[in-house]
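A.B. asks: Structure file my_file_14.csv, CSV, C-alpha atoms, is pasted below:
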```
chain,number,residue,atom,x,y,z
J,185,MET,CA,-28.6,-116.6,-20.1
J,186,ASN,CA,-30.6,-118.6,-17.5
J,187,ASN,CA,-28.4,-119.7,-14.7
J,188,LYS,CA,-31.1,-121.2,-12.5
J,189,ILE,CA,-29.8,-124.4,-10.9
J,190,GLU,CA,-32.3,-127.1,-11.3
J,191,THR,CA,-31.4,-129.7,-8.7
J,192,ASN,CA,-33.2,-132.4,-6.9
J,193,LYS,CA,-32.9,-133.7,-3.3
J,194,ARG,CA,-30.7,-136.6,-4.3
J,195,GLU,CA,-28.2,-134.4,-6.2
J,196,LEU,CA,-28.1,-131.9,-3.3
J,197,ILE,CA,-27.5,-134.7,-0.7
J,198,THR,CA,-24.7,-136.2,-2.9
J,199,PHE,CA,-23.1,-132.7,-3.1
J,200,LEU,CA,-23.4,-132.1,0.7
J,201,LEU,CA,-22.0,-135.6,1.5
J,202,VAL,CA,-18.9,-135.0,-0.7
J,203,ALA,CA,-18.4,-131.2,-0.1
J,204,PHE,CA,-19.0,-131.2,3.6
J,205,GLY,CA,-19.0,-134.9,4.8
J,206,VAL,CA,-15.6,-135.8,3.3
J,207,PRO,CA,-13.7,-132.8,4.9
J,208,TYR,CA,-15.2,-133.5,8.3
J,209,LEU,CA,-14.3,-137.2,8.1
J,210,MET,CA,-10.8,-136.2,7.0
J,211,GLY,CA,-10.6,-134.1,10.1
J,212,ILE,CA,-9.9,-137.4,12.0
J,213,PRO,CA,-6.6,-138.2,10.2
J,214,LEU,CA,-5.9,-134.5,10.1
J,215,GLY,CA,-6.1,-134.3,13.8
J,216,ILE,CA,-3.8,-137.4,14.1
J,217,CYS,CA,-1.2,-135.7,11.8
J,218,GLN,CA,-1.4,-132.5,13.8
J,219,ALA,CA,-1.0,-134.3,17.2
J,220,ALA,CA,2.0,-136.1,15.8
J,221,GLY,CA,3.7,-132.9,14.7
J,222,LYS,CA,3.4,-133.7,11.0
J,223,ASP,CA,2.8,-131.2,8.2
J,224,THR,CA,-0.9,-131.0,7.5
J,225,SER,CA,-0.9,-128.8,4.4
J,226,LEU,CA,-1.8,-131.7,2.2
J,227,PHE,CA,-5.2,-131.9,3.8
J,228,ALA,CA,-5.8,-128.2,2.9
J,229,ASN,CA,-4.8,-128.7,-0.7
J,230,ALA,CA,-7.1,-131.8,-1.0
J,231,GLN,CA,-10.1,-130.1,0.6
J,232,MET,CA,-10.3,-127.5,-2.0
J,233,PHE,CA,-11.2,-130.2,-4.6
J,234,TYR,CA,-14.2,-131.6,-2.8
J,235,PRO,CA,-17.0,-129.0,-3.5
J,236,ALA,CA,-16.7,-129.3,-7.3
J,237,ALA,CA,-16.2,-133.0,-7.0
J,238,GLY,CA,-19.5,-133.1,-5.1
J,239,VAL,CA,-21.3,-131.2,-7.9
J,240,MET,CA,-19.7,-133.4,-10.6
J,241,LEU,CA,-20.5,-136.7,-8.8
J,242,ALA,CA,-24.1,-135.6,-8.3
J,243,TYR,CA,-24.5,-134.8,-12.0
J,244,LEU,CA,-22.8,-138.0,-13.1
J,245,LEU,CA,-24.9,-140.2,-10.9
J,246,ALA,CA,-28.0,-138.4,-12.1
J,247,ARG,CA,-26.9,-139.1,-15.7
J,248,ARG,CA,-27.5,-135.6,-16.8
J,249,PRO,CA,-27.3,-135.2,-20.6
J,250,GLY,CA,-24.4,-133.5,-22.3
J,251,LEU,CA,-22.0,-133.5,-19.4
J,252,PRO,CA,-18.3,-132.6,-19.9
J,253,VAL,CA,-17.5,-136.1,-18.7
J,254,ARG,CA,-13.8,-136.1,-19.4
J,255,PHE,CA,-13.2,-132.9,-17.4
J,256,TYR,CA,-15.5,-134.1,-14.6
J,257,LEU,CA,-13.7,-137.4,-14.2
J,258,LEU,CA,-10.3,-135.8,-14.3
J,259,HIS,CA,-11.3,-133.5,-11.4
J,260,ILE,CA,-12.8,-136.3,-9.4
J,261,VAL,CA,-9.7,-138.5,-9.9
J,262,SER,CA,-7.5,-135.6,-8.9
J,263,ALA,CA,-9.5,-135.1,-5.7
J,264,VAL,CA,-9.3,-138.8,-4.9
J,265,ALA,CA,-5.5,-138.8,-5.5
J,266,CYS,CA,-5.0,-135.8,-3.2
J,267,LEU,CA,-7.3,-137.4,-0.6
J,268,VAL,CA,-5.3,-140.7,-0.6
J,269,MET,CA,-2.0,-138.9,-0.3
J,270,SER,CA,-3.3,-136.9,2.6
J,271,LEU,CA,-4.4,-140.1,4.3
J,272,LEU,CA,-1.1,-141.8,3.6
J,273,SER,CA,0.9,-138.8,5.0
J,274,ALA,CA,-0.8,-139.4,8.4
J,275,PHE,CA,0.5,-143.0,8.7
J,276,LEU,CA,3.6,-143.4,6.5
J,277,ASP,CA,7.1,-142.2,7.5
J,278,VAL,CA,7.7,-140.0,4.5
J,279,SER,CA,9.0,-136.4,4.7
J,280,ALA,CA,6.6,-133.5,4.3
J,281,GLN,CA,8.7,-132.2,1.4
J,282,GLN,CA,8.3,-135.4,-0.5
J,283,TRP,CA,4.5,-135.4,0.0
J,284,LEU,CA,4.2,-131.8,-1.0
J,285,LEU,CA,6.2,-132.4,-4.1
J,286,ALA,CA,4.0,-135.3,-5.0
J,287,VAL,CA,0.8,-133.3,-4.5
J,288,ASN,CA,2.1,-130.3,-6.4
J,289,LEU,CA,3.0,-132.6,-9.3
J,290,VAL,CA,-0.5,-134.0,-9.3
J,291,ILE,CA,-2.1,-130.5,-9.2
J,292,ILE,CA,0.1,-129.3,-12.0
J,293,ALA,CA,-0.4,-132.3,-14.3
J,294,ALA,CA,-4.1,-132.3,-13.6
J,295,SER,CA,-4.4,-128.5,-14.2
J,296,VAL,CA,-2.6,-128.7,-17.6
J,297,LEU,CA,-4.6,-131.7,-18.7
J,298,ALA,CA,-7.8,-129.9,-17.5
J,299,TRP,CA,-7.1,-127.0,-19.9
J,300,VAL,CA,-6.7,-129.4,-22.8
J,301,LEU,CA,-9.9,-131.2,-22.0
J,302,LEU,CA,-11.9,-128.0,-21.5
J,303,LEU,CA,-10.6,-126.3,-24.7
J,304,THR,CA,-11.2,-129.4,-26.8
J,305,ASP,CA,-14.7,-130.1,-25.5
J,306,LYS,CA,-17.8,-128.9,-27.3
J,307,LYS,CA,-18.9,-125.4,-26.5
J,308,GLU,CA,-22.4,-126.5,-25.8
J,309,LYS,CA,-21.2,-128.7,-23.0
J,310,ARG,CA,-19.1,-126.0,-21.4
J,311,GLU,CA,-22.0,-123.5,-21.9
J,312,ALA,CA,-24.6,-125.9,-20.3
J,313,TYR,CA,-22.5,-126.5,-17.2
J,314,GLY,CA,-21.1,-123.1,-16.5
J,315,LEU,CA,-17.6,-123.7,-17.8
J,316,ARG,CA,-17.3,-121.0,-20.5
J,317,TRP,CA,-16.0,-117.5,-20.2
J,318,HIS,CA,-19.1,-115.2,-20.1
J,319,GLY,CA,-19.1,-111.4,-20.3
J,320,LYS,CA,-16.4,-109.0,-21.4
J,321,PHE,CA,-12.8,-109.9,-20.7
J,322,LEU,CA,-11.9,-106.4,-19.6
J,323,LYS,CA,-14.8,-106.3,-17.1
J,324,GLY,CA,-13.6,-109.5,-15.5
J,325,MET,CA,-10.0,-108.2,-15.3
J,326,GLY,CA,-11.3,-104.9,-13.9
J,327,ILE,CA,-13.1,-106.8,-11.0
J,328,CYS,CA,-9.8,-108.6,-10.3
J,329,ALA,CA,-7.8,-105.4,-10.3
J,330,LEU,CA,-10.4,-103.7,-8.0
J,331,PHE,CA,-10.0,-106.6,-5.6
J,332,LEU,CA,-6.2,-106.3,-5.6
J,333,VAL,CA,-6.4,-102.6,-5.0
J,334,LEU,CA,-8.8,-102.9,-2.1
J,335,ARG,CA,-6.9,-105.8,-0.4
J,336,THR,CA,-3.5,-104.2,-0.9
J,337,ALA,CA,-4.6,-100.8,0.4
J,338,ALA,CA,-6.0,-102.5,3.5
J,339,ILE,CA,-2.7,-104.3,4.1
J,340,PHE,CA,-0.8,-101.0,3.8
J,341,ILE,CA,-3.2,-99.4,6.3
J,342,LEU,CA,-2.8,-102.2,8.8
J,343,MET,CA,1.0,-102.0,8.5
J,344,GLY,CA,0.8,-98.2,9.1
J,345,LEU,CA,-1.2,-98.8,12.2
J,346,GLU,CA,1.5,-101.1,13.6
J,347,GLY,CA,3.8,-98.1,14.2
J,348,PRO,CA,6.7,-96.2,12.5
J,349,LYS,CA,9.2,-99.1,12.7
J,350,THR,CA,6.8,-101.7,11.1
J,351,TRP,CA,5.8,-99.1,8.5
J,352,SER,CA,9.4,-98.3,7.6
J,353,GLU,CA,10.3,-102.0,7.3
J,354,TYR,CA,7.3,-102.7,5.1
J,355,LEU,CA,8.1,-99.9,2.8
J,356,ALA,CA,11.6,-101.1,2.5
J,357,TYR,CA,10.3,-104.6,1.6
J,358,TRP,CA,8.4,-103.1,-1.3
J,359,GLN,CA,11.5,-101.4,-2.5
J,360,THR,CA,13.1,-104.8,-3.1
J,361,TYR,CA,12.5,-107.0,-6.1
J,362,VAL,CA,10.9,-109.7,-4.0
J,363,PRO,CA,7.2,-108.7,-4.0
J,364,TRP,CA,7.3,-107.7,-7.7
J,365,ALA,CA,8.9,-110.9,-8.8
J,366,ASN,CA,6.4,-112.9,-6.8
J,367,PHE,CA,3.6,-110.9,-8.4
J,368,ALA,CA,4.9,-111.5,-11.9
J,369,LEU,CA,5.0,-115.3,-11.2
J,370,LEU,CA,1.3,-115.3,-10.2
J,371,ILE,CA,0.2,-115.1,-13.9
J,372,PRO,CA,1.9,-118.2,-15.3
J,373,ASN,CA,1.4,-120.0,-12.0
J,374,PHE,CA,-2.4,-119.7,-12.3
J,375,PHE,CA,-2.5,-121.8,-15.4
J,376,LEU,CA,-0.5,-124.5,-13.7
J,377,CYS,CA,-2.5,-124.8,-10.5
J,378,PHE,CA,-6.0,-123.4,-11.1
J,379,LEU,CA,-7.8,-126.7,-10.4
J,380,PRO,CA,-8.1,-126.5,-6.6
J,381,PHE,CA,-9.5,-122.9,-6.8
J,382,PHE,CA,-11.9,-124.0,-9.4
J,383,GLY,CA,-12.7,-126.9,-7.1
J,384,GLU,CA,-14.1,-124.5,-4.5
J,385,GLU,CA,-15.7,-122.0,-6.7
J,386,TYR,CA,-17.6,-124.4,-8.9
J,387,GLY,CA,-19.1,-125.8,-5.7
J,388,TRP,CA,-19.8,-122.5,-4.0
J,389,ARG,CA,-20.5,-119.9,-6.6
J,390,TYR,CA,-21.8,-122.0,-9.5
J,391,TYR,CA,-23.9,-124.6,-7.5
J,392,LEU,CA,-24.7,-123.9,-3.9
J,393,THR,CA,-25.1,-120.1,-3.9
J,394,PRO,CA,-27.9,-120.1,-6.6
J,395,VAL,CA,-29.5,-123.0,-4.8
J,396,LEU,CA,-29.6,-121.1,-1.5
J,397,GLN,CA,-30.6,-117.9,-3.2
J,398,GLN,CA,-33.6,-119.5,-4.9
J,399,ARG,CA,-34.7,-120.7,-1.5
J,400,PHE,CA,-33.9,-117.8,0.7
J,401,GLY,CA,-33.5,-114.8,-1.6
J,402,LYS,CA,-30.5,-113.1,-3.0
J,403,ARG,CA,-29.1,-111.5,0.1
J,404,LYS,CA,-30.0,-114.1,2.7
J,405,GLY,CA,-28.8,-116.8,0.3
J,406,VAL,CA,-25.3,-115.3,-0.2
J,407,LEU,CA,-24.9,-114.6,3.6
J,408,LEU,CA,-25.9,-118.2,4.5
J,409,LEU,CA,-23.4,-119.5,1.9
J,410,GLY,CA,-20.7,-117.4,3.6
J,411,VAL,CA,-21.5,-119.0,7.0
J,412,LEU,CA,-21.5,-122.5,5.5
J,413,TRP,CA,-18.3,-121.8,3.6
J,414,GLY,CA,-16.7,-120.6,6.8
J,415,LEU,CA,-17.8,-123.7,8.8
J,416,TRP,CA,-16.6,-125.9,5.9
J,417,HIS,CA,-13.1,-124.9,7.0
J,418,LEU,CA,-13.6,-126.1,10.6
J,419,PRO,CA,-11.2,-129.1,10.5
J,420,LEU,CA,-8.5,-126.9,9.0
J,421,ASN,CA,-9.2,-124.2,11.7
J,422,LEU,CA,-8.8,-126.8,14.4
J,423,PHE,CA,-5.8,-128.7,13.1
J,424,PHE,CA,-4.0,-126.6,10.5
J,425,TYR,CA,-4.6,-122.8,10.6
J,426,SER,CA,-4.6,-122.2,14.3
J,427,PRO,CA,-4.7,-125.1,16.7
J,428,GLU,CA,-3.9,-122.9,19.7
J,429,THR,CA,-6.6,-120.3,19.0
J,430,SER,CA,-9.1,-122.3,17.0
J,431,LEU,CA,-12.2,-120.5,18.3
J,432,GLN,CA,-10.8,-117.1,17.1
J,433,SER,CA,-9.7,-118.8,13.9
J,434,ILE,CA,-13.2,-120.0,13.2
J,435,ALA,CA,-14.7,-116.6,13.9
J,436,ALA,CA,-12.1,-115.0,11.5
J,437,GLN,CA,-12.9,-117.6,8.9
J,438,ILE,CA,-16.6,-116.9,9.0
J,439,ILE,CA,-16.1,-113.2,8.8
J,440,ALA,CA,-13.8,-113.6,5.8
J,441,CYS,CA,-16.0,-116.1,4.0
J,442,VAL,CA,-19.2,-114.1,4.4
J,443,THR,CA,-17.6,-110.9,3.1
J,444,LEU,CA,-15.5,-112.4,0.4
J,445,GLY,CA,-18.5,-114.5,-0.6
J,446,ILE,CA,-20.4,-111.3,-1.2
J,447,PHE,CA,-17.7,-109.9,-3.5
J,448,PHE,CA,-16.9,-113.1,-5.3
J,449,THR,CA,-20.7,-113.6,-6.0
J,450,TYR,CA,-20.8,-109.9,-7.1
J,451,GLY,CA,-18.0,-110.5,-9.6
J,452,TYR,CA,-19.6,-113.7,-10.8
J,453,GLU,CA,-22.9,-112.0,-11.5
J,454,VAL,CA,-21.8,-108.7,-13.0
J,455,CYS,CA,-19.5,-110.6,-15.4
J,456,GLY,CA,-22.3,-112.6,-16.8
J,457,ARG,CA,-22.2,-115.5,-14.3
J,458,ASN,CA,-18.7,-116.2,-15.3
J,459,ILE,CA,-17.2,-118.9,-13.0
J,460,TRP,CA,-13.6,-117.9,-14.0
J,461,VAL,CA,-13.9,-114.5,-12.3
J,462,PRO,CA,-14.4,-115.9,-8.8
J,463,VAL,CA,-11.8,-118.6,-9.5
J,464,LEU,CA,-9.3,-115.8,-10.3
J,465,LEU,CA,-10.4,-113.8,-7.3
J,466,HIS,CA,-10.0,-116.9,-5.0
J,467,TYR,CA,-6.6,-117.6,-6.5
J,468,LEU,CA,-5.5,-114.0,-6.0
J,469,ASN,CA,-6.8,-113.9,-2.4
J,470,ASN,CA,-4.8,-117.0,-1.5
J,471,ASN,CA,-1.6,-116.4,-3.4
J,472,MET,CA,-1.2,-112.7,-3.0
J,473,ILE,CA,-0.2,-113.5,0.6
J,474,LEU,CA,3.3,-114.3,-0.8
J,475,VAL,CA,3.4,-110.8,-2.4
J,476,TRP,CA,2.0,-108.9,0.6
J,477,THR,CA,4.1,-110.7,3.3
J,478,GLY,CA,6.9,-112.5,1.5
J,479,THR,CA,5.8,-115.9,3.0
J,480,VAL,CA,3.3,-118.6,2.3
J,481,ASN,CA,3.1,-120.0,5.8
J,482,ILE,CA,-0.5,-119.9,7.0
J,483,SER,CA,-0.4,-122.7,9.5
J,484,ASN,CA,-0.2,-122.6,13.3
J,485,GLN,CA,-1.2,-119.0,13.4
J,486,VAL,CA,-2.1,-117.4,16.8
J,487,TYR,CA,-5.0,-114.9,16.8
J,488,THR,CA,-6.4,-112.6,19.5
J,489,TRP,CA,-9.9,-111.3,19.7
J,490,LEU,CA,-8.5,-107.9,18.8
J,491,ASP,CA,-7.3,-109.4,15.5
J,492,ILE,CA,-10.8,-110.7,14.9
J,493,ALA,CA,-12.3,-107.3,15.6
J,494,VAL,CA,-9.9,-105.6,13.2
J,495,ALA,CA,-10.6,-108.2,10.5
J,496,ALA,CA,-14.3,-107.7,10.9
J,497,VAL,CA,-14.0,-103.9,10.5
J,498,GLN,CA,-11.6,-104.3,7.6
J,499,TYR,CA,-13.5,-106.9,5.6
J,500,GLY,CA,-16.8,-105.2,6.4
J,501,ILE,CA,-15.7,-101.9,5.1
J,502,LEU,CA,-14.2,-103.4,2.0
J,503,PHE,CA,-16.9,-105.8,0.9
J,504,LEU,CA,-20.2,-105.5,2.7
J,505,PRO,CA,-21.3,-102.4,0.6
J,506,TYR,CA,-21.5,-104.7,-2.4
J,507,LEU,CA,-24.5,-106.4,-0.7
J,508,THR,CA,-26.5,-103.2,-1.5
J,509,THR,CA,-25.8,-103.4,-5.3
J,510,ASN,CA,-28.4,-104.4,-7.9
J,511,VAL,CA,-26.9,-107.9,-8.0
J,512,PHE,CA,-28.5,-108.7,-4.7
J,513,ARG,CA,-31.7,-106.7,-5.0
J,514,THR,CA,-34.9,-108.8,-5.4
J,515,ARG,CA,-38.2,-108.5,-3.7
J,516,HIS,CA,-37.4,-111.7,-1.8
J,517,SER,CA,-33.9,-110.7,-0.7
```
Is it possible to give me this structure as structure tokens?
C.D. replies:
Amino acid sequence: MNNKIETNKRELITFLLVAFGVPYLMGIPLGICQAAGKDTSLFANAQMFYPAAGVMLAYLLARRPGLPVRFYLLHIVSAVACLVMSLLSAFLDVSAQQWLLAVNLVIIAASVLAWVLLLTDKKEKREAYGLRWHGKFLKGMGICALFLVLRTAAIFILMGLEGPKTWSEYLAYWQTYVPWANFALLIPNFFLCFLPFFGEEYGWRYYLTPVLQQRFGKRKGVLLLGVLWGLWHLPLNLFFYSPETSLQSIAAQIIACVTLGIFFTYGYEVCGRNIWVPVLLHYLNNNMILVWTGTVNISNQVYTWLDIAVAAVQYGILFLPYLTTNVFRTRHS
């Protein structure tokens, strides 16, 4: 299967304007929301849609043949709906709970409809635009299981390093039903909210990574993608994740995106360039936080440079070795 992305300058510019330009422009109302003390999580949810929307809009404007038009239009409309609600949340006096409910309903409805449109579309369309499941199912599940083992082991090690009290409390947490119940809910929840995670991965793994690798080589391309992916989060680092320690947050983001980008691309490639593997990995990375910590609060965090150093070591040990695999070995890498 040839996965070479044939793109032209106009398509690439369209993608970059949507995937990167829109989030940075949305940083203005995001900053207004943050300064006013309003909830800014709507902007984070909406931003995940933009990379795939950029690919889809570029292909639609180019009038590429055999496009899965219905699915593309659904995703773009969903992205616009989330964008509009994010903007309105900055200026209308409506509670954060009401906005979050509205956005979640849009994501659920769009995700369910997306499955219908995908599964009822022609296989040739899905095949041509990277939407089919490729490779063996068990291999894909094995990659996801490996990721869970690596990340969970790292969490346990970090908790152990915090000292006997923290370690004892964390073990006690795992002896309750809470983490196991949250883990069980992840499976059905994926089918109800996959679209934002697809929104990032279709842009990064399916489109931009191959484009960069064709220009800079396998290794340099995936590393550059990781840096760009990290900087793509800049508005969220400044006004959502960690407004008080935004510089440290940006550094942590780049470290995570470079290393996770290596593993996500590795999973994508070894599973037959199957976009659903990195979609699942991205979903697990974001939602296992509820299992590992019992909370989904990722806003207004405070980081120290020691935290960044620990994260660099942790993520480096876990994921950098995959850069040496055959997936990234070419004479131009």
A.B. asks: Hey, can you check how far CA of Trp317 (chain J) sits from CA of Gly387 (chain J)?
C.D. replies: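 These atoms are spaced 17.0 Å apart.
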A.B. asks: Which neighbours of region 305-314 of chain J fall inside 12 Å, counting all atoms listed in the file, when residues of the same chain fewer than 2 positions from it are skipped, and could you give them as a VMD selection string?
C.D. replies: chain J and resid 185 to 190 236 239 to 240 243 248 to 256 298 to 303 316 to 318 382 385 to 387 389 to 391 452 456 to 461
A.B. asks: Show which residues sit within 8 Å of region 397-414 of chain J, as a list in words. Count all atoms listed in the file, and ignore same-chain residues fewer than 2 positions away.
C.D. replies: Trp388, Leu392, Thr393, Pro394, Val395, Trp416, His417, Leu418, Ile434, Gln437, Ile438, Ile439, Ala440, Cys441, Val442, Thr443, Leu444, Gly445, Ile446, Thr449, Leu507, Phe512, Arg513, Thr514, His516 and Ser517 of chain J
A.B. asks: Just to confirm, what's the straight-line distance from CA of Ile341 (chain J) to CA of Ala496 (chain J) in Å (one decimal)?
C.D. replies: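 Interatomic distance here is 14.6 Å.
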A.B. asks: Show which residues sit within 12 Å of Gln282 (chain J), as a count of residues only. Count all atoms listed in the file, and ignore same-chain residues fewer than 4 positions away.
C.D. replies: 11
A.B. asks: Excluding Arg335 (chain J) and its own-chain neighbours fewer than 2 positions away, which residues fall within 10 Å of it when counting all atoms listed in the file? Please give them as JSON, numbers by chain.
C.D. replies: {"J": [329, 330, 331, 332, 333, 337, 338, 339, 340, 341, 469, 472, 476, 498, 499, 502]}
A.B. asks: Interatomic distance between CA of Gly211 (chain J) and CA of Ile492 (chain J)?
C.D. replies: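 Taking CA of Gly211 (chain J) as the start and CA of Ile492 (chain J) as the end point, the length is 23.9 Å.
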A.B. asks: Excluding same-chain residues fewer than 3 positions from region 425-430 of chain J, what lies within 12 Å of it counting only C-alpha atoms, as a PyMOL selection string?
C.D. replies: chain J and resi 214-215+218-219+221+223-225+227-228+417-422+433-437+481-489+491-492
A.B. asks: Considering all atoms listed in the file, tabulate each residue of region 317-420 of chain J that lies at most 12 Å from region 257-261 of chain J along with its nearest interatomic pair and the corresponding distance in Å to one decimal; arrange the rows by chain and ascending residue number and present them as CSV.
C.D. replies:
```
residue,atom,partner,partner_atom,distance
J:Phe378,CA,J:His259,CA,11.4
J:Leu379,CA,J:His259,CA,7.7
J:Pro380,CA,J:His259,CA,9.1
J:Phe381,CA,J:His259,CA,11.7
J:Phe382,CA,J:His259,CA,9.7
J:Gly383,CA,J:His259,CA,8.0
J:Glu384,CA,J:His259,CA,11.7
J:Tyr386,CA,J:His259,CA,11.3
```
A.B. asks: Compare J:Gly326, J:Pro235, J:Pro462, J:Gly478 by their minimum atom-to-atom distance to Phe199 (chain J), counting all atoms listed in the file, and give me the closest one.
C.D. replies: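 Among the listed residues, the smallest separation from Phe199 (chain J) belongs to J:Pro235.
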